[in-house]
>>> print(open('run_24.pdb').read())   # PDB, C-alpha atoms
ATOM      1  CA  MET A  87    -126.700  40.599 270.465
ATOM      2  CA  GLN A  88    -124.806  42.762 267.984
ATOM      3  CA  GLN A  89    -127.905  44.462 266.556
ATOM      4  CA  GLU A  90    -128.985  45.669 270.000
ATOM      5  CA  ARG A  91    -125.505  47.033 270.655
ATOM      6  CA  MET A  92    -125.506  48.827 267.307
ATOM      7  CA  LEU A  93    -128.925  50.354 267.982
ATOM      8  CA  ARG A  94    -127.682  51.677 271.345
ATOM      9  CA  GLU A  95    -124.500  53.008 269.732
ATOM     10  CA  PHE A  96    -126.470  54.670 266.932
ATOM     11  CA  GLY A  97    -128.789  56.237 269.505
ATOM     12  CA  ALA A  98    -125.827  57.579 271.443
ATOM     13  CA  HIS A  99    -124.469  59.105 268.231
ATOM     14  CA  ILE A 100    -127.817  60.827 267.631
ATOM     15  CA  ARG A 101    -127.763  62.177 271.188
ATOM     16  CA  ARG A 102    -124.252  63.534 270.619
ATOM     17  CA  TRP A 103    -125.246  65.144 267.295
ATOM     18  CA  ARG A 104    -128.171  66.770 269.093
ATOM     19  CA  SER A 105    -125.779  68.102 271.720
ATOM     20  CA  VAL A 106    -123.294  69.332 269.087
ATOM     21  CA  ASN A 107    -126.155  71.245 267.459
ATOM     22  CA  GLY A 108    -127.213  72.710 270.793
ATOM     23  CA  LEU A 109    -130.707  71.253 270.576
ATOM     24  CA  SER A 110    -132.905  70.031 273.376
ATOM     25  CA  ALA A 111    -134.723  66.767 272.807
ATOM     26  CA  THR A 112    -137.982  68.669 272.510
ATOM     27  CA  ALA A 113    -136.552  71.074 269.920
ATOM     28  CA  LEU A 114    -135.139  68.250 267.791
ATOM     29  CA  ALA A 115    -138.378  66.276 267.977
ATOM     30  CA  GLU A 116    -140.287  69.371 266.837
ATOM     31  CA  ARG A 117    -137.879  69.980 263.949
ATOM     32  CA  ALA A 118    -138.201  66.352 262.870
ATOM     33  CA  PHE A 119    -142.008  66.401 263.251
ATOM     34  CA  ILE A 120    -141.943  63.394 265.564
ATOM     35  CA  THR A 121    -142.953  62.924 269.165
ATOM     36  CA  ARG A 122    -140.519  63.340 272.011
ATOM     37  CA  ALA A 123    -141.190  59.680 272.883
ATOM     38  CA  THR A 124    -140.123  58.584 269.394
ATOM     39  CA  LEU A 125    -136.900  60.569 269.687
ATOM     40  CA  ALA A 126    -136.265  59.044 273.105
ATOM     41  CA  SER A 127    -136.717  55.585 271.570
ATOM     42  CA  ILE A 128    -134.200  56.399 268.842
ATOM     43  CA  GLU A 129    -131.671  57.826 271.299
ATOM     44  CA  LYS A 130    -132.026  54.838 273.642
ATOM     45  CA  GLY A 131    -131.660  52.425 270.749
ATOM     46  CA  THR A 132    -134.727  50.429 271.639
ATOM     47  CA  GLY A 133    -135.403  49.669 267.980
ATOM     48  CA  SER A 134    -139.067  50.573 268.062
ATOM     49  CA  ALA A 135    -138.811  53.702 265.883
ATOM     50  CA  GLN A 136    -139.784  53.533 262.220
ATOM     51  CA  LEU A 137    -137.165  54.256 259.595
ATOM     52  CA  ASP A 138    -138.984  57.368 258.368
ATOM     53  CA  SER A 139    -138.780  58.791 261.903
ATOM     54  CA  VAL A 140    -135.056  58.048 262.059
ATOM     55  CA  PHE A 141    -134.595  59.721 258.670
ATOM     56  CA  ALA A 142    -136.566  62.755 259.871
ATOM     57  CA  VAL A 143    -134.211  63.122 262.847
ATOM     58  CA  LEU A 144    -131.116  62.704 260.664
ATOM     59  CA  SER A 145    -132.490  65.314 258.265
ATOM     60  CA  ALA A 146    -133.223  67.756 261.103
ATOM     61  CA  LEU A 147    -129.631  67.296 262.289
ATOM     62  CA  GLY A 148    -128.323  67.923 258.766
ATOM     63  CA  ILE A 149    -126.631  64.526 258.447
ATOM     64  CA  LEU A 150    -129.138  62.436 256.490
ATOM     65  CA  GLU A 151    -127.218  62.558 253.212
ATOM     66  CA  SER A 152    -123.920  61.509 254.785
ATOM     67  CA  VAL A 153    -125.562  58.649 256.709
ATOM     68  CA  VAL A 154    -127.305  57.366 253.591
ATOM     69  CA  ALA A 155    -124.094  57.768 251.573
ATOM     70  CA  SER A 156    -122.196  55.728 254.168
ATOM     71  CA  ALA A 157    -124.423  52.748 253.325
ATOM     72  CA  ASP A 158    -123.533  52.966 249.618
ATOM     73  CA  PRO A 159    -121.630  49.791 248.711
ATOM     74  CA  TYR A 160    -119.841  51.659 245.924
ATOM     75  CA  ARG A 161    -118.069  53.709 248.627
ATOM     76  CA  SER A 162    -116.993  50.694 250.645
ATOM     77  CA  GLU A 163    -113.446  49.439 250.329
ATOM     78  CA  ALA A 164    -114.675  46.008 251.385
ATOM     79  CA  ALA A 165    -117.450  45.869 248.787
ATOM     80  CA  ARG A 166    -115.606  47.471 245.880
ATOM     81  CA  PRO A 167    -113.599  44.343 244.916
ATOM     82  CA  ARG A 168    -116.766  42.235 245.063
ATOM     83  CA  ILE A 169    -118.622  44.754 242.892
ATOM     84  CA  ASP A 170    -115.766  44.761 240.389
ATOM     85  CA  ALA A 171    -115.801  40.952 240.284
ATOM     86  CA  ILE A 172    -119.557  40.845 239.709
ATOM     87  CA  ILE A 173    -119.352  43.411 236.905
ATOM     88  CA  GLN A 174    -116.324  41.702 235.295
ATOM     89  CA  SER A 175    -118.226  38.422 235.266
ATOM     90  CA  GLY A 176    -121.098  40.090 233.390
ATOM     91  CA  GLY A 177    -123.358  40.679 236.378
ATOM     92  CA  THR A 178    -124.986  43.897 237.452
ATOM     93  CA  ILE A 179    -125.437  45.667 240.749
TER      94      ILE A 179
END
>>> encode(input="run_24.pdb", output="structure tokens")
Amino acid sequence: MQQERMLREFGAHIRRWRSVNGLSATALAERAFITRATLASIEKGTGSAQLDSVFAVLSALGILESVVASADPYRSEAARPRIDAIIQSGGTI
């Protein structure tokens, strides 16, 4: 399933960011005010972590704003033409 693969990939990215920042799993969990088990769940991509815990980890790594910004449809080349079409037809986003 694609969602499971994406969760695992996202978790691997978090693990790499932790490594880039020179943080142990325990240190990152403490900075994010979550349990080590929750961080392990995020890094394994099991999908059982709550979004606020994921955001806490991203914030502790200093990448929350860029991750949130990457989900902005206004920044997407694929979505931009659709947004323009909706606005030109009198709709709103």
>>> atom_distance(input="run_24.pdb", atom1="CA of Ser105 in chain A", atom2="CA of Gly131 in chain A")
16.8 Å
>>> residues_around(input="run_24.pdb", residues="Val106 in chain A", least_positions_apart="5", cutoff="10 Å", atoms="all atoms listed in the file", output="MDAnalysis selection string")
chainID A and resid 100:101 147
>>> residues_around(input="run_24.pdb", residues="Ala98 in chain A", least_positions_apart="2", cutoff="12 Å", atoms="all atoms listed in the file", output="PyMOL selection string")
chain A and resi 91-96+100-105+125-132
>>> closest_residue(input="run_24.pdb", among="A:Ala164, A:Val153, A:Ile120, A:Ala113", to="Gln136 in chain A", atoms="all atoms listed in the file")
A:Ile120
>>> residues_around(input="run_24.pdb", residues="Ala118 in chain A", least_positions_apart="2", cutoff="6 Å", atoms="only C-alpha atoms", output="list in words")
Ala115, Glu116, Ile120, Ala142, Val143 and Ala146 of chain A
>>> atom_distance(input="run_24.pdb", atom1="CA of Asn107 in chain A", atom2="CA of Gln88 in chain A")
28.5 Å
>>> axis_aligned_box(input="run_24.pdb", around="range 119-134 of chain A", padding_each_side="3 Å", output="JSON")
{"center_x": -137.3, "center_y": 58.0, "center_z": 268.4, "size_x": 17.3, "size_y": 22.7, "size_z": 16.4}
>>> atom_distance(input="run_24.pdb", atom1="CA of Val140 in chain A", atom2="CA of Ser156 in chain A")
15.3 Å
>>> residues_around(input="run_24.pdb", residues="Ile169 in chain A", least_positions_apart="3", cutoff="9 Å", atoms="all atoms listed in the file", output="PyMOL selection string")
chain A and resi 159-160+165-166+172-174+178-179
>>> closest_residue(input="run_24.pdb", among="A:Ser175, A:Leu144, A:Arg161, A:Ile149", to="Leu114 in chain A", atoms="all atoms listed in the file")
A:Leu144
>>> decode(input="run_24.pdb", residues="range 148-163 of chain A", atoms="all heavy atoms", output="mmCIF file, in the first residue's frame")
data_model
loop_
_atom_site.group_PDB
_atom_site.id
_atom_site.type_symbol
_atom_site.label_atom_id
_atom_site.label_comp_id
_atom_site.auth_asym_id
_atom_site.auth_seq_id
_atom_site.Cartn_x
_atom_site.Cartn_y
_atom_site.Cartn_z
ATOM 1 N N GLY A 148 13.860 21.568 13.693
ATOM 2 C CA GLY A 148 13.972 22.847 12.995
ATOM 3 C C GLY A 148 13.461 22.819 11.570
ATOM 4 O O GLY A 148 13.836 23.678 10.765
ATOM 5 N N ILE A 149 12.592 21.859 11.238
ATOM 6 C CA ILE A 149 12.112 21.749 9.858
ATOM 7 C C ILE A 149 10.596 21.808 9.738
ATOM 8 O O ILE A 149 10.053 21.590 8.652
ATOM 9 C CB ILE A 149 12.643 20.464 9.184
ATOM 10 C CG1 ILE A 149 12.188 19.212 9.943
ATOM 11 C CG2 ILE A 149 14.161 20.516 9.050
ATOM 12 C CD1 ILE A 149 12.475 17.918 9.211
ATOM 13 N N LEU A 150 9.908 22.127 10.816
ATOM 14 C CA LEU A 150 8.443 22.146 10.786
ATOM 15 C C LEU A 150 7.913 23.110 9.725
ATOM 16 O O LEU A 150 7.051 22.745 8.924
ATOM 17 C CB LEU A 150 7.866 22.501 12.156
ATOM 18 C CG LEU A 150 6.344 22.630 12.224
ATOM 19 C CD1 LEU A 150 5.667 21.330 11.820
ATOM 20 C CD2 LEU A 150 5.912 23.060 13.606
ATOM 21 N N GLU A 151 8.421 24.321 9.703
ATOM 22 C CA GLU A 151 7.905 25.316 8.758
ATOM 23 C C GLU A 151 8.081 24.878 7.311
ATOM 24 O O GLU A 151 7.176 25.044 6.492
ATOM 25 C CB GLU A 151 8.559 26.670 8.995
ATOM 26 C CG GLU A 151 8.095 27.323 10.278
ATOM 27 C CD GLU A 151 8.656 28.726 10.463
ATOM 28 O OE1 GLU A 151 8.965 29.387 9.455
ATOM 29 O OE2 GLU A 151 8.765 29.141 11.620
ATOM 30 N N SER A 152 9.227 24.297 6.980
ATOM 31 C CA SER A 152 9.445 23.882 5.592
ATOM 32 C C SER A 152 8.567 22.688 5.223
ATOM 33 O O SER A 152 8.097 22.587 4.093
ATOM 34 C CB SER A 152 10.921 23.586 5.325
ATOM 35 O OG SER A 152 11.373 22.506 6.105
ATOM 36 N N VAL A 153 8.316 21.785 6.174
ATOM 37 C CA VAL A 153 7.446 20.643 5.895
ATOM 38 C C VAL A 153 6.010 21.116 5.690
ATOM 39 O O VAL A 153 5.337 20.693 4.747
ATOM 40 C CB VAL A 153 7.534 19.590 7.015
ATOM 41 C CG1 VAL A 153 6.481 18.508 6.838
ATOM 42 C CG2 VAL A 153 8.925 18.968 7.057
ATOM 43 N N VAL A 154 5.550 22.002 6.552
ATOM 44 C CA VAL A 154 4.193 22.532 6.397
ATOM 45 C C VAL A 154 4.083 23.313 5.087
ATOM 46 O O VAL A 154 3.109 23.168 4.345
ATOM 47 C CB VAL A 154 3.793 23.395 7.616
ATOM 48 C CG1 VAL A 154 2.489 24.121 7.361
ATOM 49 C CG2 VAL A 154 3.683 22.526 8.867
ATOM 50 N N ALA A 155 5.094 24.119 4.787
ATOM 51 C CA ALA A 155 5.073 24.903 3.543
ATOM 52 C C ALA A 155 5.039 23.994 2.317
ATOM 53 O O ALA A 155 4.411 24.331 1.308
ATOM 54 C CB ALA A 155 6.279 25.829 3.484
ATOM 55 N N SER A 156 5.675 22.832 2.405
ATOM 56 C CA SER A 156 5.690 21.927 1.248
ATOM 57 C C SER A 156 4.301 21.382 0.930
ATOM 58 O O SER A 156 4.051 20.941 -0.188
ATOM 59 C CB SER A 156 6.673 20.777 1.479
ATOM 60 O OG SER A 156 6.173 19.874 2.440
ATOM 61 N N ALA A 157 3.387 21.432 1.881
ATOM 62 C CA ALA A 157 2.020 20.970 1.650
ATOM 63 C C ALA A 157 1.113 22.079 1.112
ATOM 64 O O ALA A 157 -0.048 21.832 0.799
ATOM 65 C CB ALA A 157 1.432 20.411 2.947
ATOM 66 N N ASP A 158 1.639 23.284 0.977
ATOM 67 C CA ASP A 158 0.860 24.425 0.507
ATOM 68 C C ASP A 158 0.567 24.274 -0.981
ATOM 69 O O ASP A 158 1.480 24.264 -1.800
ATOM 70 C CB ASP A 158 1.650 25.711 0.761
ATOM 71 C CG ASP A 158 0.910 26.968 0.356
ATOM 72 O OD1 ASP A 158 -0.180 26.868 -0.251
ATOM 73 O OD2 ASP A 158 1.427 28.057 0.648
ATOM 74 N N PRO A 159 -0.701 24.151 -1.366
ATOM 75 C CA PRO A 159 -1.012 23.972 -2.780
ATOM 76 C C PRO A 159 -0.608 25.168 -3.647
ATOM 77 O O PRO A 159 -0.369 25.020 -4.836
ATOM 78 C CB PRO A 159 -2.529 23.760 -2.805
ATOM 79 C CG PRO A 159 -3.024 24.290 -1.514
ATOM 80 C CD PRO A 159 -1.896 24.164 -0.538
ATOM 81 N N TYR A 160 -0.507 26.336 -3.041
ATOM 82 C CA TYR A 160 -0.085 27.517 -3.796
ATOM 83 C C TYR A 160 1.360 27.402 -4.268
ATOM 84 O O TYR A 160 1.764 28.068 -5.199
ATOM 85 C CB TYR A 160 -0.255 28.787 -2.970
ATOM 86 C CG TYR A 160 -1.696 29.189 -2.779
ATOM 87 C CD1 TYR A 160 -2.322 29.006 -1.559
ATOM 88 C CD2 TYR A 160 -2.429 29.751 -3.808
ATOM 89 C CE1 TYR A 160 -3.642 29.364 -1.373
ATOM 90 C CE2 TYR A 160 -3.758 30.113 -3.638
ATOM 91 C CZ TYR A 160 -4.355 29.920 -2.413
ATOM 92 O OH TYR A 160 -5.667 30.277 -2.239
ATOM 93 N N ARG A 161 2.150 26.544 -3.624
ATOM 94 C CA ARG A 161 3.555 26.354 -4.010
ATOM 95 C C ARG A 161 3.751 25.191 -4.978
ATOM 96 O O ARG A 161 4.866 24.943 -5.409
ATOM 97 C CB ARG A 161 4.414 26.114 -2.766
ATOM 98 C CG ARG A 161 4.473 27.298 -1.849
ATOM 99 C CD ARG A 161 5.319 26.982 -0.642
ATOM 100 N NE ARG A 161 5.428 28.145 0.217
ATOM 101 C CZ ARG A 161 6.511 28.476 0.863
ATOM 102 N NH1 ARG A 161 7.589 27.735 0.775
ATOM 103 N NH2 ARG A 161 6.529 29.535 1.612
ATOM 104 N N SER A 162 2.702 24.504 -5.293
ATOM 105 C CA SER A 162 2.783 23.315 -6.130
ATOM 106 C C SER A 162 2.591 23.661 -7.598
ATOM 107 O O SER A 162 1.588 24.274 -7.974
ATOM 108 C CB SER A 162 1.717 22.311 -5.695
ATOM 109 O OG SER A 162 1.581 21.294 -6.665
ATOM 110 N N GLU A 163 3.534 23.239 -8.410
ATOM 111 C CA GLU A 163 3.398 23.466 -9.852
ATOM 112 C C GLU A 163 2.214 22.697 -10.414
ATOM 113 O O GLU A 163 1.578 23.145 -11.371
ATOM 114 C CB GLU A 163 4.688 23.067 -10.573
ATOM 115 C CG GLU A 163 5.840 24.021 -10.303
ATOM 116 C CD GLU A 163 7.080 23.647 -11.090
ATOM 117 O OE1 GLU A 163 6.948 23.110 -12.204
ATOM 118 O OE2 GLU A 163 8.187 23.916 -10.589
#
